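Novice: Dropping the structure in here first, questions after.
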Amino acid sequence: MQPIAIRDVTLIYDTPGGKVPGVKNVSIDIDASEFLCIVGPSGCGKSTLLNIIAGFLTPASGEIRIGGKAVTGHGMDRGVVFQDFAQLFPWRTALGNVSFGLEMKGVPKPERDKIAREQLRLVKLEKFTGSFPHHLSGGMQQRVAIARALAYNPSVLLMDEPFAALDALTRDDMQRLLADVWRETRKTVIYVTHNVAEAVYLADRVIVMSPHPGTVKAEMKIDLPRPRDPLSVEFVECQKELLRHLGHDVNASDTAKPANGKSNSQGG
Amino acid sequence: MTDNRQNLRSAVRAAITLTLAAAAYEALARSGYFAPALLPTLANVARALFASLADGSMIVHAAFTLYRVLFGFCLAVVVGIPLGILMARFQRVEHFFLPLVSALMPIPSFALVPLFMLWFGIGNLTTVLIVFYAATFPMVFNTWSGVRSVNPLWLRAAGAMGADEQKLFWKVIIPGASPFIITGMRQAFLRAWIAVVGAEMIAASDWGLGWVIFDAKEFLNTDTMLAALIVIGCIGFLFERLVFGSVEKATVQRWGMTRAAKG
């Protein structure tokens with residue numbers, strides 16, 4: 001619901017082996033309510049970029065504006081979902097986890113319980129409000145994490161491979177659910193993944209990043225009507241195109257490989 | 001239901017072990033190998049125990065000991081938890097206190113009793129301070145480890161949701177470190193319980209379970225000594241199982257942060 005402007009963002013990691021650029025001169029504009037996926041092989045700086053947007057890392061140069069306001073540190077205009085299931089607080093029930101942000105905001109208890117319940121209904125977990133995280137499956141825990149990130153109504157949702165640790169069937173369900181949630185809430189979403197099918201299923205636009213240093217290599221609009229059918233010809237065509245964007249890099253750095261589409265993996 | 005059955009089973013197993021141990025003792029006591037005055041039969045020990053319970057003296061002794069141990073233990077918790085947290089959060093505090101903790105922790109509290117006696121006299125003050133000394137270090141050490149092992153993802157998530165330092169402390173760090181803090185309290189209590197009996201032997205007058213044992217030695221009242229030992233064991237066991245066991249069940253075990261052992 002807020003546009004995001006990423007301008008010339010560079011971040012350098014100080015490692016024992018010297019200074020290594022994590023991301024270099026990245027500029028991206030994201031519309032309000034746009035669903036943007038960032039894909040790329042491991043080490044391309046996609047998670048680093050997300051962490052900069054979240055405010056966990058401070059860039060060496062460049063700036064990020066959300067709704068015109070410059071980002072300094074983390075703020076409640078952004079909700080964050082991580083890959084690791086352990087992101088939930090084990091000592092709080094699903095409801096307690098989801099209402100945490102509202103509690104920090106100082107929302108009185110009856111109201112925050114009401115909002116948290118609504119959020120849990122949105123991710124179809126209304127029956128598990130009183131459950132502790134360790135009693136929930138991985139997919140359910142990630143749904144709680146999404147509800148938790150949405151509960152205090154941030155305008156932007158940042159997601160770092162939230163479904164990467166789930167089994168394939170659960171992941172399909174979760175993608176469908178997330179598409180529904182996005183349609184209902186109209187958040188601006190930045191979603192990091194290395195899964196091409198996932199990106200094509202979810203995104204309005206995909207940014208392809210390449211490593212060493214992490215830079216934006218290509219971008220691709222996905223104009224398929226929603227809800228999308230992963231088995232349709234158009235969907236598969238989109239996947240192929242995205243793979244070409246990713247694969248080009250593999251061929252450029254390794255010329256010995258034949259330049260046909262088959263050798264292209266999903267890029268890590 | 002299965003929970004109840006398991007409880008019953010473990011109680012039966014414990015009873016079997018204890019009965020066997022008691023039978024072995026009784027056989028030794030009746031063998032005539034030792035003088036009966038040195039190794040009284042269980043019947044005599046039981047008689048001494050019930051007599052001292054009936055006239056209330058053992059209860060008053062136990063109350064004194066409990067008062068000292070709980071006083072010292074609470075002091076240790078009040079000092080140990082904040083100190084452990086500060087050490088884990090601020091490097092300067094850690095640099096200052098860690099050598100002190102490492103140097104003082106291995107000194108047996110019992111070795112300090114004569115010194116404390118000279119400084120603080122005979123009575124409650126010395127025994128409480130000895131308990132405090134014994135219990136503080138496990139408290140500090142475990143809290144320190146616990147805070148350092150709090151999952152950084154929780155801190156990130158909480159920060160992203162707008163938690164300030166104070167909220168982070170109460171709502172994330174303390175519960176996040178709770179498995180270690182509870183373990184620290186358990187260890188602290190056990191060390192405190194051991195320390196109080198030792199301290200009372202030398203530095204208490206007239207009351208306390210440790211004093212009972214030491215005093216009974218003068219009159220060769222081995223049955224009274226064993227009766228006091230039984231009381232000491234029972235109270236320690238009750239605290240360990242009932243108090244700390246239920247705290248653990250109601251918190252970290254319920255949250256899935258630690259699990260009960262299998263099988």
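Letters for chains follow the order of the structure tokens (A, B, ...), residue numbers begin at 1 for each chain, and ligand numbers begin at 1 in the order shown.
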Would you mind listing, for every residue of chain B within 10 Å of chain A, the two atoms forming the shortest contact and the distance between them in Å to one decimal, using only C-alpha atoms, sorted by chain and ascending residue number, as JSON lines?
Specialist:
{"residue": "B:Asn151", "atom": "CA", "partner": "A:Ala86", "partner_atom": "CA", "distance": 8.2}
{"residue": "B:Pro152", "atom": "CA", "partner": "A:Gln87", "partner_atom": "CA", "distance": 8.9}
{"residue": "B:Leu153", "atom": "CA", "partner": "A:Gln87", "partner_atom": "CA", "distance": 5.6}
{"residue": "B:Trp154", "atom": "CA", "partner": "A:Gln87", "partner_atom": "CA", "distance": 5.7}
{"residue": "B:Leu155", "atom": "CA", "partner": "A:Gln87", "partner_atom": "CA", "distance": 9.1}
{"residue": "B:Arg156", "atom": "CA", "partner": "A:Phe56", "partner_atom": "CA", "distance": 7.6}
{"residue": "B:Ala157", "atom": "CA", "partner": "A:Gln87", "partner_atom": "CA", "distance": 6.9}
{"residue": "B:Ala158", "atom": "CA", "partner": "A:Gly101", "partner_atom": "CA", "distance": 7.7}
{"residue": "B:Gly159", "atom": "CA", "partner": "A:His74", "partner_atom": "CA", "distance": 6.9}
{"residue": "B:Ala160", "atom": "CA", "partner": "A:His74", "partner_atom": "CA", "distance": 5.5}
{"residue": "B:Met161", "atom": "CA", "partner": "A:Gly101", "partner_atom": "CA", "distance": 4.8}
{"residue": "B:Gly162", "atom": "CA", "partner": "A:Met104", "partner_atom": "CA", "distance": 6.0}
{"residue": "B:Ala163", "atom": "CA", "partner": "A:Met104", "partner_atom": "CA", "distance": 5.7}
{"residue": "B:Asp164", "atom": "CA", "partner": "A:Met104", "partner_atom": "CA", "distance": 8.2}
{"residue": "B:Lys167", "atom": "CA", "partner": "A:Met104", "partner_atom": "CA", "distance": 7.6}
{"residue": "B:Leu168", "atom": "CA", "partner": "A:Met104", "partner_atom": "CA", "distance": 9.7}
{"residue": "B:Lys171", "atom": "CA", "partner": "A:Phe100", "partner_atom": "CA", "distance": 9.2}
{"residue": "B:Val172", "atom": "CA", "partner": "A:Phe89", "partner_atom": "CA", "distance": 7.9}
{"residue": "B:Pro175", "atom": "CA", "partner": "A:Trp91", "partner_atom": "CA", "distance": 6.9}
{"residue": "B:Gly176", "atom": "CA", "partner": "A:Trp91", "partner_atom": "CA", "distance": 7.8}
{"residue": "B:Ser178", "atom": "CA", "partner": "A:Trp91", "partner_atom": "CA", "distance": 9.5}
{"residue": "B:Thr251", "atom": "CA", "partner": "A:Trp91", "partner_atom": "CA", "distance": 7.6}
{"residue": "B:Val252", "atom": "CA", "partner": "A:Trp91", "partner_atom": "CA", "distance": 7.4}
{"residue": "B:Gln253", "atom": "CA", "partner": "A:Trp91", "partner_atom": "CA", "distance": 9.7}
{"residue": "B:Arg254", "atom": "CA", "partner": "A:Trp91", "partner_atom": "CA", "distance": 8.2}
{"residue": "B:Trp255", "atom": "CA", "partner": "A:Trp91", "partner_atom": "CA", "distance": 5.1}
{"residue": "B:Gly256", "atom": "CA", "partner": "A:His134", "partner_atom": "CA", "distance": 5.7}
{"residue": "B:Met257", "atom": "CA", "partner": "A:Pro90", "partner_atom": "CA", "distance": 6.9}
Novice: Excluding same-chain residues fewer than 5 positions from Pro3 (chain A), what lies within 9 Å of it counting only C-alpha atoms, as a list in words?
Specialist: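 Here the answer would be Asp29, Ile30, Asp31, Ala32, Ser33, Glu34, Arg65, Ile66, Gly67, Gly68, Val156 and Thr188 of chain A.
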Novice: Can you write out the residues you just picked, keeping C-alpha atoms, as a compact mmCIF listing (two decimals), in the first residue's frame?
Specialist:
# COMPACT_ATOMS: atom_id res chain seq x y z
CA ASP A 29 11.14 0.88 -7.80
CA ILE A 30 8.18 -0.97 -6.41
CA ASP A 31 4.62 0.22 -6.84
CA ALA A 32 2.12 0.35 -4.03
CA SER A 33 0.40 -3.04 -3.65
CA GLU A 34 2.80 -4.66 -6.09
CA ARG A 65 12.30 5.18 0.82
CA ILE A 66 9.00 3.64 1.75
CA GLY A 67 6.09 5.90 0.87
CA GLY A 68 8.59 8.73 0.48
CA VAL A 156 4.87 -3.56 3.34
CA THR A 188 3.20 -4.19 -1.06
Novice: Find the residues near Ala62 (chain B): any atom within 12 Å, counting only C-alpha atoms, skip ones fewer than 6 places away on the same chain, and give them as a short mmCIF file (atom, residue, chain, number, x, y, z; two decimals) with N, CA and C atoms, in the first residue's frame.
Specialist:
data_model
loop_
_atom_site.label_atom_id
_atom_site.label_comp_id
_atom_site.auth_asym_id
_atom_site.auth_seq_id
_atom_site.Cartn_x
_atom_site.Cartn_y
_atom_site.Cartn_z
N SER B 52 10.58 -36.86 67.56
CA SER B 52 10.98 -35.46 67.36
C SER B 52 9.94 -34.69 66.56
N LEU B 53 9.23 -35.41 65.70
CA LEU B 53 8.14 -34.75 64.97
C LEU B 53 6.97 -34.47 65.90
N GLY B 56 7.44 -31.68 68.12
CA GLY B 56 7.55 -30.44 67.34
C GLY B 56 8.97 -29.95 67.15
N ARG B 68 16.42 -20.18 56.46
CA ARG B 68 17.76 -19.75 56.04
C ARG B 68 17.99 -20.04 54.56
N VAL B 69 17.59 -21.23 54.15
CA VAL B 69 17.89 -21.61 52.77
C VAL B 69 17.07 -20.77 51.79
N LEU B 70 15.81 -20.54 52.12
CA LEU B 70 14.97 -19.77 51.20
C LEU B 70 15.40 -18.31 51.15
N TRP B 193 20.96 -25.97 49.58
CA TRP B 193 20.50 -26.97 50.54
C TRP B 193 21.69 -27.71 51.15
N VAL B 196 23.57 -25.13 53.46
CA VAL B 196 22.94 -24.69 54.72
C VAL B 196 23.21 -25.72 55.82
N VAL B 197 23.16 -27.00 55.47
CA VAL B 197 23.38 -28.02 56.49
C VAL B 197 24.81 -27.94 57.02
N GLU B 200 25.19 -24.83 59.19
CA GLU B 200 24.51 -24.94 60.48
C GLU B 200 25.31 -25.79 61.48
N TRP B 207 19.31 -24.28 66.80
CA TRP B 207 18.27 -24.68 65.85
C TRP B 207 18.86 -24.93 64.48
N GLY B 208 18.16 -25.79 63.75
CA GLY B 208 18.58 -26.10 62.38
C GLY B 208 18.93 -27.57 62.25
N LEU B 209 18.66 -28.16 61.09
CA LEU B 209 18.86 -29.60 60.89
C LEU B 209 20.34 -29.96 60.95
N GLY B 210 21.19 -29.10 60.45
CA GLY B 210 22.62 -29.35 60.51
C GLY B 210 23.10 -29.36 61.95
N TRP B 211 22.57 -28.43 62.73
CA TRP B 211 22.95 -28.36 64.14
C TRP B 211 22.49 -29.61 64.89
N VAL B 212 21.32 -30.12 64.56
CA VAL B 212 20.80 -31.34 65.18
C VAL B 212 21.81 -32.47 65.04
N ALA B 227 17.64 -39.65 61.68
CA ALA B 227 16.30 -39.06 61.52
C ALA B 227 16.42 -37.69 60.84
N ALA B 228 17.40 -36.90 61.28
CA ALA B 228 17.59 -35.57 60.68
C ALA B 228 18.00 -35.69 59.22
N LEU B 229 18.84 -36.70 58.94
CA LEU B 229 19.25 -36.91 57.55
C LEU B 229 18.05 -37.25 56.66
N ILE B 230 17.13 -38.06 57.22
CA ILE B 230 15.94 -38.41 56.45
C ILE B 230 15.11 -37.16 56.14
N VAL B 231 14.97 -36.31 57.16
CA VAL B 231 14.21 -35.07 56.96
C VAL B 231 14.89 -34.20 55.90
N ILE B 232 16.22 -34.10 55.99
CA ILE B 232 16.96 -33.30 55.01
C ILE B 232 16.74 -33.82 53.60
N GLY B 233 16.86 -35.15 53.48
CA GLY B 233 16.66 -35.76 52.15
C GLY B 233 15.27 -35.53 51.62
N CYS B 234 14.27 -35.71 52.50
CA CYS B 234 12.89 -35.58 52.05
C CYS B 234 12.58 -34.16 51.59
N ILE B 235 13.00 -33.18 52.38
CA ILE B 235 12.69 -31.80 52.00
C ILE B 235 13.38 -31.44 50.68
N GLY B 236 14.65 -31.83 50.56
CA GLY B 236 15.37 -31.55 49.31
C GLY B 236 14.68 -32.20 48.11
#
Novice: What lies within 12 Å of Val233 (chain A) using only C-alpha atoms, ignoring chain neighbours under 6 positions off, as a PyMOL selection string?
Specialist: chain A and resi 224+239-240
Novice: I need the chosen residues saved as an mmCIF file, in the first residue's frame, with C-alpha atoms.
Specialist:
data_model
loop_
_atom_site.group_PDB
_atom_site.id
_atom_site.type_symbol
_atom_site.label_atom_id
_atom_site.label_comp_id
_atom_site.auth_asym_id
_atom_site.auth_seq_id
_atom_site.Cartn_x
_atom_site.Cartn_y
_atom_site.Cartn_z
ATOM 1 C CA LEU A 224 -0.709 -13.841 -16.335
ATOM 2 C CA GLN A 239 9.043 -20.153 -16.219
ATOM 3 C CA LYS A 240 11.206 -20.875 -19.241
#
Novice: So which residues of region 87-232 of chain A fall under strand (DSSP E) by DSSP, listed as a list of chain:residue names?
Specialist: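 Here are the strand (DSSP E) residues of region 87-232 of chain A: A:Val156, A:Leu157, A:Leu158, A:Met159, A:Asp160, A:Thr188, A:Val189, A:Ile190, A:Tyr191, A:Val192, A:Thr193, A:Arg205, A:Val206, A:Ile207, A:Val208, A:Met209, A:Ser210, A:Thr215, A:Val216, A:Lys217, A:Ala218, A:Glu219, A:Met220, A:Lys221.
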